[in-house]
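As stored in final-v1.tsv (TSV, C-alpha atoms (C1' of nucleotides)):
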```
chain	number	residue	atom	x	y	z
I	1	MET	CA	-36.20	37.38	158.03
I	2	SER	CA	-33.32	35.16	156.92
I	3	ARG	CA	-33.27	32.20	154.57
I	4	VAL	CA	-30.92	29.56	153.26
I	5	SER	CA	-33.35	28.20	150.78
I	6	GLY	CA	-33.03	30.59	147.82
I	7	ARG	CA	-31.71	29.68	144.42
I	8	LEU	CA	-28.44	31.48	145.08
I	9	ALA	CA	-27.95	29.75	148.41
I	10	THR	CA	-28.39	26.43	146.62
I	11	GLU	CA	-25.91	27.39	143.88
I	12	LEU	CA	-23.29	28.29	146.46
I	13	LYS	CA	-24.21	25.35	148.74
I	14	GLN	CA	-24.58	27.78	151.59
I	15	THR	CA	-24.80	26.39	155.09
I	16	ARG	CA	-25.80	29.67	156.68
I	17	PRO	CA	-28.78	31.85	155.86
I	18	PHE	CA	-28.38	35.25	154.26
I	19	ARG	CA	-28.69	37.91	156.91
I	20	SER	CA	-31.15	39.90	154.84
I	21	ARG	CA	-32.88	39.85	151.49
I	22	ARG	CA	-30.84	42.88	150.49
I	23	GLN	CA	-27.66	40.96	151.18
I	24	GLU	CA	-28.98	38.12	149.05
I	25	GLY	CA	-29.71	40.61	146.30
I	26	THR	CA	-26.23	42.11	146.47
I	27	LEU	CA	-24.50	38.74	146.28
I	28	GLY	CA	-26.85	37.65	143.51
I	29	LEU	CA	-25.94	40.79	141.61
I	30	LEU	CA	-22.21	40.07	141.87
I	31	ARG	CA	-22.62	36.44	140.90
I	32	THR	CA	-24.93	37.12	137.99
I	33	ALA	CA	-22.64	39.81	136.61
I	34	ASP	CA	-19.71	37.41	136.83
I	35	VAL	CA	-21.61	34.75	134.88
I	36	VAL	CA	-22.70	37.23	132.21
I	37	ARG	CA	-19.28	38.85	132.01
I	38	ARG	CA	-17.62	35.54	131.28
I	39	LYS	CA	-20.15	34.75	128.60
I	40	ILE	CA	-19.48	38.01	126.75
I	41	SER	CA	-15.73	37.67	127.24
I	42	GLU	CA	-15.89	34.42	125.31
I	43	VAL	CA	-17.01	36.34	122.25
I	44	VAL	CA	-14.20	38.92	122.15
I	45	GLU	CA	-11.27	36.97	123.63
I	46	PRO	CA	-10.80	34.65	120.63
I	47	HIS	CA	-10.08	37.87	118.72
I	48	GLY	CA	-7.24	38.75	121.07
I	49	LEU	CA	-9.14	41.34	123.09
I	50	THR	CA	-10.11	41.42	126.74
I	51	LEU	CA	-13.50	42.87	127.57
I	52	GLN	CA	-11.82	46.00	128.87
I	53	GLN	CA	-9.82	46.44	125.69
I	54	TYR	CA	-12.95	45.91	123.65
I	55	ASN	CA	-14.74	48.51	125.75
I	56	VAL	CA	-11.95	51.05	125.13
I	57	LEU	CA	-12.15	50.51	121.38
I	58	ARG	CA	-15.92	50.92	121.41
I	59	ILE	CA	-15.54	54.20	123.27
I	60	LEU	CA	-12.94	55.44	120.80
I	61	ARG	CA	-15.06	54.46	117.83
I	62	GLY	CA	-17.91	56.46	119.32
I	63	ALA	CA	-15.64	59.45	119.88
I	64	GLY	CA	-14.66	59.64	116.20
I	65	PRO	CA	-11.48	60.89	114.58
I	66	ASP	CA	-10.75	63.60	117.17
I	67	GLY	CA	-10.18	60.90	119.76
I	68	LEU	CA	-10.37	61.25	123.51
I	69	PRO	CA	-7.85	61.99	126.28
I	70	THR	CA	-6.76	59.01	128.36
I	71	LEU	CA	-8.64	59.73	131.56
I	72	GLU	CA	-11.79	60.63	129.68
I	73	ILE	CA	-11.77	57.11	128.28
I	74	ALA	CA	-11.35	55.70	131.79
I	75	SER	CA	-14.33	57.67	133.04
I	76	ARG	CA	-16.57	56.24	130.33
I	77	MET	CA	-15.75	52.62	130.88
I	78	ILE	CA	-18.36	50.17	132.06
I	79	GLU	CA	-15.96	48.81	134.65
I	80	ALA	CA	-13.56	51.28	136.28
I	81	SER	CA	-9.97	50.79	135.19
I	82	PRO	CA	-7.15	52.47	137.08
I	83	GLY	CA	-4.71	50.70	134.76
I	84	ILE	CA	-5.93	52.65	131.75
I	85	THR	CA	-2.45	53.79	130.68
I	86	ARG	CA	-1.09	50.29	130.34
I	87	LEU	CA	-4.31	49.07	128.81
I	88	LEU	CA	-3.76	51.67	126.08
I	89	ASP	CA	-0.08	50.69	125.86
I	90	ARG	CA	-1.12	47.18	124.88
I	91	LEU	CA	-3.68	48.40	122.37
I	92	GLU	CA	-1.05	50.70	120.85
I	93	GLU	CA	1.41	47.79	120.56
I	94	LYS	CA	-1.25	45.86	118.68
I	95	ARG	CA	-1.72	48.91	116.41
I	96	LEU	CA	-5.36	49.25	117.42
I	97	VAL	CA	-4.92	52.64	119.08
I	98	ALA	CA	-2.90	55.71	118.06
I	99	ARG	CA	-1.82	58.31	120.63
I	100	VAL	CA	-0.75	61.90	120.11
I	101	ARG	CA	-0.08	64.63	122.61
I	102	CYS	CA	-2.75	67.31	122.52
I	103	PRO	CA	-1.27	70.62	121.23
I	104	LYS	CA	-3.79	72.80	123.11
I	105	ASP	CA	-3.06	71.13	126.43
I	106	ARG	CA	0.19	69.24	126.41
I	107	ARG	CA	-0.70	67.30	129.53
I	108	ARG	CA	-3.28	65.38	127.58
I	109	VAL	CA	-2.79	62.44	125.26
I	110	LEU	CA	-5.44	62.04	122.59
I	111	CYS	CA	-6.25	58.46	121.69
I	112	THR	CA	-7.98	57.27	118.53
I	113	ALA	CA	-8.99	53.91	117.13
I	114	THR	CA	-7.00	52.91	114.05
I	115	PRO	CA	-8.68	51.76	110.82
I	116	GLU	CA	-7.60	48.24	111.74
I	117	ALA	CA	-9.45	48.57	115.05
I	118	LEU	CA	-12.55	49.84	113.25
I	119	ARG	CA	-12.50	46.81	110.97
I	120	LEU	CA	-12.12	44.48	113.96
I	121	LEU	CA	-14.97	46.22	115.78
I	122	ALA	CA	-17.21	45.97	112.73
I	123	SER	CA	-16.66	42.23	112.58
I	124	LEU	CA	-17.51	41.93	116.28
I	125	ASP	CA	-20.66	44.06	116.27
I	126	ALA	CA	-23.10	41.31	115.43
I	127	PRO	CA	-21.74	38.57	117.71
I	128	VAL	CA	-21.26	40.95	120.64
I	129	HIS	CA	-24.76	42.30	120.31
I	130	ALA	CA	-26.07	38.77	120.13
I	131	ALA	CA	-24.24	37.95	123.35
I	132	ASP	CA	-25.33	41.15	125.14
I	133	ASP	CA	-28.89	40.63	124.07
I	134	GLY	CA	-28.78	36.89	124.60
I	135	ALA	CA	-27.63	37.23	128.19
I	136	LEU	CA	-31.09	38.52	129.05
I	137	ARG	CA	-33.05	36.58	126.46
I	138	MET	CA	-35.04	34.78	129.14
I	139	LEU	CA	-36.55	38.06	130.34
I	140	THR	CA	-39.71	39.51	128.88
I	141	ASP	CA	-39.69	43.11	127.71
I	142	ARG	CA	-41.42	44.19	130.89
I	143	GLN	CA	-38.93	42.30	133.03
I	144	THR	CA	-36.06	43.90	131.13
I	145	GLU	CA	-37.50	47.35	131.80
I	146	ALA	CA	-37.89	46.48	135.45
I	147	LEU	CA	-34.30	45.27	135.69
I	148	ILE	CA	-32.93	48.43	134.06
I	149	ALA	CA	-34.94	50.59	136.47
I	150	LEU	CA	-33.73	48.63	139.50
I	151	LEU	CA	-30.09	48.81	138.41
I	152	ASP	CA	-30.41	52.55	137.76
I	153	ALA	CA	-31.81	52.97	141.24
I	154	ILE	CA	-28.93	51.02	142.80
I	155	ARG	CA	-26.30	53.11	141.04
I	156	SER	CA	-28.02	56.38	141.81
I	157	GLY	CA	-27.34	55.80	145.49
I	158	PRO	CA	-29.33	56.58	148.65
I	159	SER	CA	-31.08	59.73	147.40
Z	1	MET	CA	-36.42	50.46	119.52
Z	2	SER	CA	-33.07	52.02	120.41
Z	3	ARG	CA	-32.24	54.86	122.76
Z	4	VAL	CA	-29.31	56.98	123.86
Z	5	SER	CA	-31.24	58.79	126.50
Z	6	GLY	CA	-31.18	56.35	129.43
Z	7	ARG	CA	-29.46	56.92	132.69
Z	8	LEU	CA	-26.67	54.51	131.83
Z	9	ALA	CA	-26.09	56.15	128.44
Z	10	THR	CA	-25.72	59.47	130.26
Z	11	GLU	CA	-23.28	57.99	132.78
Z	12	LEU	CA	-21.09	56.63	130.02
Z	13	LYS	CA	-21.57	59.71	127.80
Z	14	GLN	CA	-22.66	57.45	125.01
Z	15	THR	CA	-22.87	58.88	121.55
Z	16	ARG	CA	-24.62	55.88	120.04
Z	17	PRO	CA	-27.88	54.31	121.12
Z	18	PHE	CA	-28.07	50.88	122.68
Z	19	ARG	CA	-29.11	48.37	120.08
Z	20	SER	CA	-31.75	46.87	122.34
Z	21	ARG	CA	-33.17	47.22	125.81
Z	22	ARG	CA	-31.69	43.85	126.67
Z	23	GLN	CA	-28.26	45.12	125.73
Z	24	GLU	CA	-28.82	48.14	127.93
Z	25	GLY	CA	-29.81	45.81	130.75
Z	26	THR	CA	-26.72	43.65	130.32
Z	27	LEU	CA	-24.34	46.60	130.35
Z	28	GLY	CA	-26.22	48.11	133.29
Z	29	LEU	CA	-25.79	44.84	135.14
Z	30	LEU	CA	-22.03	44.80	134.57
Z	31	ARG	CA	-21.62	48.43	135.55
Z	32	THR	CA	-23.80	48.20	138.64
Z	33	ALA	CA	-21.98	45.10	139.84
Z	34	ASP	CA	-18.64	46.87	139.40
Z	35	VAL	CA	-19.83	49.83	141.47
Z	36	VAL	CA	-21.18	47.60	144.22
Z	37	ARG	CA	-18.14	45.33	144.16
Z	38	ARG	CA	-15.80	48.24	144.74
Z	39	LYS	CA	-17.90	49.51	147.60
Z	40	ILE	CA	-17.76	46.19	149.41
Z	41	SER	CA	-14.06	45.77	148.63
Z	42	GLU	CA	-13.41	48.97	150.52
Z	43	VAL	CA	-14.64	47.30	153.67
Z	44	VAL	CA	-12.41	44.22	153.58
Z	45	GLU	CA	-9.28	45.54	151.87
Z	46	PRO	CA	-8.12	47.71	154.78
Z	47	HIS	CA	-7.90	44.41	156.69
Z	48	GLY	CA	-5.50	43.00	154.12
Z	49	LEU	CA	-8.03	40.83	152.28
Z	50	THR	CA	-9.25	40.97	148.71
Z	51	LEU	CA	-12.91	40.27	148.15
Z	52	GLN	CA	-12.02	36.84	146.77
Z	53	GLN	CA	-9.91	35.98	149.80
Z	54	TYR	CA	-12.70	37.12	152.07
Z	55	ASN	CA	-15.13	34.94	150.14
Z	56	VAL	CA	-12.87	31.89	150.59
Z	57	LEU	CA	-12.65	32.45	154.33
Z	58	ARG	CA	-16.42	32.81	154.60
Z	59	ILE	CA	-16.86	29.53	152.76
Z	60	LEU	CA	-14.38	27.78	155.03
Z	61	ARG	CA	-16.02	29.15	158.14
Z	62	GLY	CA	-19.32	27.79	156.91
Z	63	ALA	CA	-17.75	24.40	156.24
Z	64	GLY	CA	-16.56	24.03	159.80
Z	65	PRO	CA	-13.56	22.13	161.23
Z	66	ASP	CA	-13.62	19.34	158.62
Z	67	GLY	CA	-12.72	21.86	155.95
Z	68	LEU	CA	-13.26	21.57	152.21
Z	69	PRO	CA	-11.19	20.33	149.27
Z	70	THR	CA	-9.69	23.03	147.06
Z	71	LEU	CA	-11.95	22.71	144.05
Z	72	GLU	CA	-15.04	22.47	146.18
Z	73	ILE	CA	-14.18	25.92	147.52
Z	74	ALA	CA	-13.77	27.21	143.98
Z	75	SER	CA	-17.18	25.90	142.98
Z	76	ARG	CA	-18.85	27.76	145.83
Z	77	MET	CA	-17.34	31.15	145.16
Z	78	ILE	CA	-19.50	34.07	144.16
Z	79	GLU	CA	-17.08	34.93	141.35
Z	80	ALA	CA	-15.36	32.02	139.60
Z	81	SER	CA	-11.65	31.78	140.38
Z	82	PRO	CA	-9.40	29.53	138.31
Z	83	GLY	CA	-6.47	30.75	140.43
Z	84	ILE	CA	-7.84	29.10	143.54
Z	85	THR	CA	-4.60	27.27	144.37
Z	86	ARG	CA	-2.54	30.43	144.55
Z	87	LEU	CA	-5.33	32.28	146.29
Z	88	LEU	CA	-5.10	29.63	149.01
Z	89	ASP	CA	-1.28	29.83	148.94
Z	90	ARG	CA	-1.51	33.49	149.94
Z	91	LEU	CA	-4.05	32.81	152.66
Z	92	GLU	CA	-1.85	30.02	154.00
Z	93	GLU	CA	1.16	32.38	154.06
Z	94	LYS	CA	-0.89	34.80	156.11
Z	95	ARG	CA	-1.77	31.91	158.44
Z	96	LEU	CA	-5.47	32.30	157.73
Z	97	VAL	CA	-5.86	28.90	156.09
Z	98	ALA	CA	-4.44	25.49	156.99
Z	99	ARG	CA	-4.10	22.73	154.40
Z	100	VAL	CA	-3.72	18.99	154.89
Z	101	ARG	CA	-3.84	16.20	152.37
Z	102	CYS	CA	-6.96	14.12	152.73
Z	103	PRO	CA	-6.09	10.60	153.94
Z	104	LYS	CA	-9.16	8.97	152.32
Z	105	ASP	CA	-8.36	10.45	148.92
Z	106	ARG	CA	-4.81	11.61	148.63
Z	107	ARG	CA	-5.54	13.71	145.55
Z	108	ARG	CA	-7.51	16.11	147.68
Z	109	VAL	CA	-6.26	18.87	149.91
Z	110	LEU	CA	-8.55	19.81	152.77
Z	111	CYS	CA	-8.54	23.48	153.69
Z	112	THR	CA	-9.73	24.98	156.94
Z	113	ALA	CA	-9.93	28.48	158.37
Z	114	THR	CA	-7.53	29.06	161.27
Z	115	PRO	CA	-8.68	30.52	164.61
Z	116	GLU	CA	-7.00	33.74	163.55
Z	117	ALA	CA	-9.14	33.80	160.41
Z	118	LEU	CA	-12.27	33.18	162.44
Z	119	ARG	CA	-11.44	36.13	164.68
Z	120	LEU	CA	-10.84	38.34	161.65
Z	121	LEU	CA	-14.11	37.23	160.08
Z	122	ALA	CA	-16.00	37.89	163.29
Z	123	SER	CA	-14.70	41.45	163.35
Z	124	LEU	CA	-15.77	41.92	159.72
Z	125	ASP	CA	-19.28	40.46	160.02
Z	126	ALA	CA	-21.04	43.64	161.01
Z	127	PRO	CA	-19.34	46.05	158.59
Z	128	VAL	CA	-19.59	43.64	155.65
Z	129	HIS	CA	-23.24	42.99	156.27
Z	130	ALA	CA	-23.82	46.71	156.52
Z	131	ALA	CA	-22.13	47.17	153.15
Z	132	ASP	CA	-23.98	44.25	151.50
Z	133	ASP	CA	-27.25	45.46	152.85
Z	134	GLY	CA	-26.46	49.11	152.26
Z	135	ALA	CA	-25.69	48.57	148.59
Z	136	LEU	CA	-29.40	47.98	148.04
Z	137	ARG	CA	-30.72	50.26	150.75
Z	138	MET	CA	-32.51	52.44	148.19
Z	139	LEU	CA	-34.73	49.54	147.17
Z	140	THR	CA	-37.99	48.72	148.87
Z	141	ASP	CA	-38.60	45.18	150.08
Z	142	ARG	CA	-40.75	44.48	147.04
Z	143	GLN	CA	-38.10	45.85	144.71
Z	144	THR	CA	-35.48	43.70	146.39
Z	145	GLU	CA	-37.62	40.61	145.88
Z	146	ALA	CA	-38.11	41.57	142.24
Z	147	LEU	CA	-34.38	42.05	141.72
Z	148	ILE	CA	-33.54	38.67	143.27
Z	149	ALA	CA	-36.12	36.97	141.04
Z	150	LEU	CA	-34.77	38.67	137.90
Z	151	LEU	CA	-31.18	37.78	138.72
Z	152	ASP	CA	-32.18	34.17	139.43
Z	153	ALA	CA	-33.89	34.05	136.06
Z	154	ILE	CA	-30.82	35.40	134.27
Z	155	ARG	CA	-28.52	32.84	135.85
Z	156	SER	CA	-30.90	29.98	135.23
Z	157	GLY	CA	-30.41	30.47	131.49
Z	158	PRO	CA	-32.77	30.06	128.55
Z	159	SER	CA	-34.98	27.52	130.31
Q	1	DG	C1'	-5.22	-6.87	137.93
Q	2	DG	C1'	-3.57	-3.73	134.59
Q	3	DA	C1'	-4.19	-0.21	131.00
Q	4	DA	C1'	-6.88	3.84	130.11
Q	5	DA	C1'	-9.71	7.51	131.62
Q	6	DA	C1'	-11.04	10.70	134.99
Q	7	DT	C1'	-10.19	13.58	139.02
Q	8	DA	C1'	-7.75	16.92	142.00
Q	9	DC	C1'	-4.82	19.69	142.15
Q	10	DT	C1'	-0.12	22.21	140.98
Q	11	DT	C1'	3.04	24.76	138.28
Q	12	DG	C1'	5.04	27.93	134.68
Q	13	DA	C1'	4.52	31.64	131.74
Q	14	DC	C1'	2.34	35.50	130.93
Q	15	DA	C1'	-1.36	39.20	131.13
Q	16	DT	C1'	-3.69	42.26	133.73
Q	17	DA	C1'	-4.99	45.02	138.01
Q	18	DT	C1'	-3.96	48.06	141.82
Q	19	DC	C1'	-1.79	51.55	144.62
Q	20	DA	C1'	1.45	54.97	145.66
Q	21	DA	C1'	4.78	57.99	144.08
Q	22	DT	C1'	6.46	60.82	140.24
Q	23	DT	C1'	6.68	63.94	136.22
Q	24	DA	C1'	4.89	67.44	133.32
Q	25	DA	C1'	1.87	71.04	132.17
Q	26	DT	C1'	-1.67	74.23	133.28
Q	27	DG	C1'	-4.50	77.21	136.26
Q	28	DA	C1'	-5.23	80.19	140.12
Q	29	DT	C1'	-3.78	83.80	143.34
Q	30	DC	C1'	-1.77	87.42	145.28
E	1	DG	C1'	4.75	87.00	136.98
E	2	DA	C1'	6.60	83.76	140.54
E	3	DT	C1'	4.57	80.51	143.73
E	4	DC	C1'	1.23	77.02	144.89
E	5	DA	C1'	-2.38	73.95	143.85
E	6	DT	C1'	-4.58	71.16	140.40
E	7	DT	C1'	-4.88	68.20	136.55
E	8	DA	C1'	-3.24	64.52	133.23
E	9	DA	C1'	-0.81	60.89	132.64
E	10	DT	C1'	3.06	57.72	133.56
E	11	DT	C1'	5.93	54.59	136.20
E	12	DG	C1'	7.48	51.08	139.76
E	13	DA	C1'	6.41	47.61	142.86
E	14	DT	C1'	3.53	44.16	143.83
E	15	DA	C1'	-0.65	41.32	143.75
E	16	DT	C1'	-3.75	38.86	141.31
E	17	DG	C1'	-5.89	36.48	137.27
E	18	DT	C1'	-5.70	33.24	133.39
E	19	DC	C1'	-4.57	29.45	130.43
E	20	DA	C1'	-2.17	25.38	129.17
E	21	DA	C1'	0.56	21.72	130.50
E	22	DG	C1'	2.10	18.65	134.08
E	23	DT	C1'	1.89	15.34	138.27
E	24	DA	C1'	-0.20	12.29	141.47
E	25	DT	C1'	-3.97	9.54	142.70
E	26	DT	C1'	-8.16	7.13	142.09
E	27	DT	C1'	-11.77	4.98	139.25
E	28	DT	C1'	-13.45	2.40	135.36
E	29	DC	C1'	-13.79	-1.51	132.81
E	30	DC	C1'	-12.41	-5.26	130.18
```

Hey, can you dump this file as structure tokens for me?
Amino acid sequence: MSRVSGRLATELKQTRPFRSRRQEGTLGLLRTADVVRRKISEVVEPHGLTLQQYNVLRILRGAGPDGLPTLEIASRMIEASPGITRLLDRLEEKRLVARVRCPKDRRRVLCTATPEALRLLASLDAPVHAADDGALRMLTDRQTEALIALLDAIRSGPS
Amino acid sequence: MSRVSGRLATELKQTRPFRSRRQEGTLGLLRTADVVRRKISEVVEPHGLTLQQYNVLRILRGAGPDGLPTLEIASRMIEASPGITRLLDRLEEKRLVARVRCPKDRRRVLCTATPEALRLLASLDAPVHAADDGALRMLTDRQTEALIALLDAIRSGPS
DNA sequence: GGAAAATACTTGACATATCAATTAATGATC
DNA sequence: GATCATTAATTGATATGTCAAGTATTTTCC
């Protein structure tokens, strides 16, 4: 049932076995994501952006000139970000995001990517895609499909 | 080649297609890990520990009474942590970690888990395992094996 | 055995994350 | 149409993460 001899156990120099294969899978998931995350961060950080900031700009580019309200951005992020307001503060300081209060609903603040942000994003498209794609370059097409299906299943919950 | 219609694209309300299935897999990996990470955090944080702190204590428990030098702990962590010194500072303040300079090599600082930490860990074993295991409870045994193999392949690099 | 390189941390400065409490505006209800 | 609940976002306090530079100790190697 349990094992210390997996690849992950070796990486972490574990002295105790995993209590189940599912536990091994969960810890492998967290570790693998951390490795991949750092690799992709290396592409955007030299340009003065964290991954989260980059993700916000991508979302705003996709939303177009109408922009999106603050919390709507947060809900679309790959990694949840309760600090969305201050994240936007920093992007606004760097003149990469513009914010205006929505006239229809004055509680909302509509955020848009500035032309400067769009230029920056354009210059990052190729290297970021290369990194995203490259992170899984050792998988065959079938393996990639299998991975996507497994991850979808994990996020979709017990069902 | 590209698609906007996947489950992940729906979750993130994407307006643009992924540029490749590998990119979709990479972003799915990051998002899934974030979801799972938060779920497991919920188990340990009510006990005053972050996931990283919990991970350190687990490593020290596994190392036994001899303890481990600071950077050796860092190298065994599931998620890399350049702030290991201060992470240990906080655990020491909480009296969960004891540190002594190694007499054989005075550059090193040997860290051990205190009896209090061992008691805390013992009380967390069952709920944490339930969360680790539960995160993948929707996968069959075969799917779990497949996931572990795919994650191993990703971490092992281009090969 | 003594200078230079490598190792093992530590520290300072700063950025970012997290949670709870707060403000402002809108919606719902009677 | 005033009250109450809800929603959207901000703020304050604090914890944590990150990078570069610094210190102490050991190792290398001539």

Pro82 (chain I): which residues within 9 Å, counting all atoms listed in the file, same-chain residues fewer than 2 positions away excluded, as a list in words?
Ala74, Ala80, Ile84 and Thr85 of chain I; DA17 and DT18 of chain Q

With all atoms listed in the file as the counted atoms, please give the residues lying no more than 8 Å from Arg61 (chain I), apart from itself and same-chain residues fewer than 6 positions off, as an MDAnalysis selection string.
chainID I and resid 112:113 118

Wanna dump the chain Q-chain Z contacts at 10 Å for me, each residue with its shortest atom pair and the distance in Å to one decimal, counting all atoms listed in the file, ordered by chain and number, as a Markdown table?
```
| residue | atom | partner | partner_atom | distance |
| --- | --- | --- | --- | --- |
| Q:DT7 | C1' | Z:Arg107 | CA | 8.0 |
| Q:DA8 | C1' | Z:Arg107 | CA | 5.3 |
| Q:DC9 | C1' | Z:Arg107 | CA | 6.9 |
| Q:DT10 | C1' | Z:Thr85 | CA | 7.6 |
```

Report the distance between CA of Gln53 (chain Z) and CA of Arg90 (chain Z) in Å, rounded to one decimal place.
8.8 Å

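Taking CA of Ile148 (chain I) as the reference point, CA of Leu151 (chain Z) is found at 11.8 Å.
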
CA of Lys94 (chain Z) to CA of Glu116 (chain Z): how many Å, to one decimal?
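So the answer is 9.7 Å.
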
Residues of chain E within 9 Å of chain I, all atoms listed in the file counted, as a ChimeraX atom specification:
/E:7-10

Nearest to chain Z by atom-to-atom distance, counting all atoms listed in the file, from I:Val43, I:Ile78, I:Leu87, I:Val56
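Result for the nearest residue to chain Z: I:Ile78.
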
With distances taken over all atoms listed in the file, which of I:Cys102, I:Cys111, I:Ala130, I:Leu91 is nearest to Ile73 (chain I)?
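Result for the nearest residue to Ile73 (chain I): I:Cys111.
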
Using all atoms listed in the file, determine which residues of chain Z fall within 7 Å of chain I; present them as a count of residues only.
38
